[in-house]
Every structure is written in C-alpha cells, then in structure tokens.
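Inspection log for the structure reproduced underneath, given as structure tokens.
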Amino acid sequence: MFFDALKKELEIRNFSPKTVRAYLFYNSDLIRYCQKDPAAVKEQDIKGYLWHLLEESKVSASTARLAINAIKFYYRNVKRRKFQFYCRLPKGDKKLPVVFSKSEINKLLSWVGNFKQRLILALMYSAGLRVSKAVKLRACDLDLENKKLAVRQGKGNKDRISVISEKMINDLHWLISQKQKMAKFRRASD
C-alpha cells in the first residue's frame, strides 16, 4: 500500500487511532481524486482536491483543515517534499453549544428505561464525557467523596478531572456496591 510509511510514522508519534484513520483516509482520497501515484501529485492537484472537498462535497471548514493537515503531514514528514503550499481555508463558525433546560434533561432521561443506561447518560451530560470515555469509565476513576471523576486519555491523550453532580452520588454508590456484590458472588461460585 502507498501509505504504510505514513501509518508507521503516525503510530511512532503516538497519534490517536482516529487521527491515523483520518490521515490515511484523506491521503487515499486525494490519490483517488487525482488518479495519480502519490509521488506524482503536484501542488495544483492538492488545491483542486481542496476545492472539490469544499465546493462539491460541501465539507465543513474544520474537515477541510483536517484533510490539508493530513496531506501536509504525509508530504512533509514522510515523503520529505518541500511544498510551498499555502491555502487559506475559511474559518469555522463559532457557535455557542446547545444547552438543554432542566426540564428537557429530565424528559430525555425519563425516556431511558434502564437504570444503568440512564445513570451513564446523566453522568455523560453532567460531567461532559464523550461516549468513548463513558464506556471506559471504571469505579476506580470515581472519587465520590470529593464529587470528582478522572477522565483518562481524553482528547489529545490528556487526562483530566471533571465533577460529578451531587444528585448522582447515591446512585453511583449503589451501582458500585452492586458490581462488588456480583464480583464476590462470581468468585465464590468458581
């Protein structure tokens, strides 16, 4: 494959698996668009590809920036080519996040029938967790006494601390105690 060296370089530099997939995708997509060998790609081909992404595929500015960064990384760090490539991309919109009212949150949570799923959803919303981090959360990441939780290897491979809502403490205590009881039961039955 054309991009084995790119994949290896990204992994050596400890890029996240999602970034590796994105960089491989955009470089492969450029080659599909140009229908050329990667060594034959010129600056004009890259500009044409970016125009294609923005005007025909209607990708967002942030997606276009991701594509150009992926392509630059490959040609500068793997192929060691000196593109004098400069392209001003439109800045992304700065929008305020949508924040639900208390009644909207309660309505959303009331639709979830399973207690554990409702608790995870409430924890995600109150602590600002992504789904990928919520499913990897362990009891040892929770400090219920101080109402804090540790988010390990979050965005950018960084650890951070978030808060736990006071309303969730009792439910989390109960869930952890149930898990501990089940673990003891499994050990006793082995």
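We name chains A, B, ... following the order of the structure tokens; residues begin at 1 in each chain, and ligands are numbered from 1 as shown.
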- Message: List as a VMD selection string the protein and nucleic acid residues near A:Arg81, meaning an atom at most 12 Å away when only C-alpha atoms are counted, but skip any in the same chain fewer than 3 places from it.
- Response: chain A and resid 38 to 43 71 to 78 84 to 85
- Message: Env of stretch 98-102 of chain A: 12 Å cut, atoms = only C-alpha atoms, seq-sep filter 5 positions within chain, self excluded. Answer as a list of chain:residue names.
- Response: A:Lys107, A:Leu108, A:Leu109, A:Ala122, A:Tyr125, A:Ser126, A:Gly128
Take the residues from that selection and write them out as an mmCIF file, in the first residue's frame, keeping C-alpha atoms.
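Dumped to selection.cif:
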data_model
loop_
_atom_site.group_PDB
_atom_site.id
_atom_site.type_symbol
_atom_site.label_atom_id
_atom_site.label_comp_id
_atom_site.auth_asym_id
_atom_site.auth_seq_id
_atom_site.Cartn_x
_atom_site.Cartn_y
_atom_site.Cartn_z
ATOM 1 C CA LYS A 107 -37.558 14.467 29.817
ATOM 2 C CA LEU A 108 -34.605 12.985 27.922
ATOM 3 C CA LEU A 109 -33.545 10.866 30.896
ATOM 4 C CA ALA A 122 -26.775 11.593 33.109
ATOM 5 C CA TYR A 125 -24.139 15.070 30.257
ATOM 6 C CA SER A 126 -23.251 16.441 33.700
ATOM 7 C CA GLY A 128 -19.044 16.450 29.810
#
- A:Ser132: which residues within 12 Å, counting only C-alpha atoms, same-chain residues fewer than 2 positions away excluded, as a list in words?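 Selected residues are Lys18, Ile120, Met124, Gly128, Leu129, Arg130, Ala134, Val135, Lys136, Leu137, Val151, Arg152, Gln153, Gly154 and Lys155 of chain A.
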- Which of chain A fall in strand (DSSP E or B), as a list of chain:residue names: A:Leu142, A:Asp143, A:Lys148, A:Leu149, A:Ala150, A:Val151, A:Arg160, A:Ile161, A:Ser162, A:Val163
- Please measure the separation of atom CA of A:Leu175 and atom CA of A:Ala188, giving the value in Å to one decimal. 20.1 Å
- Message: Using DSSP assignments from the backbone, pull out every residue in stretch 106-185 of chain A that falls under alpha helix (DSSP H) and give it to me as a PyMOL selection string.
- Response: chain A and resi 106-110+115-127+131-134+169-185
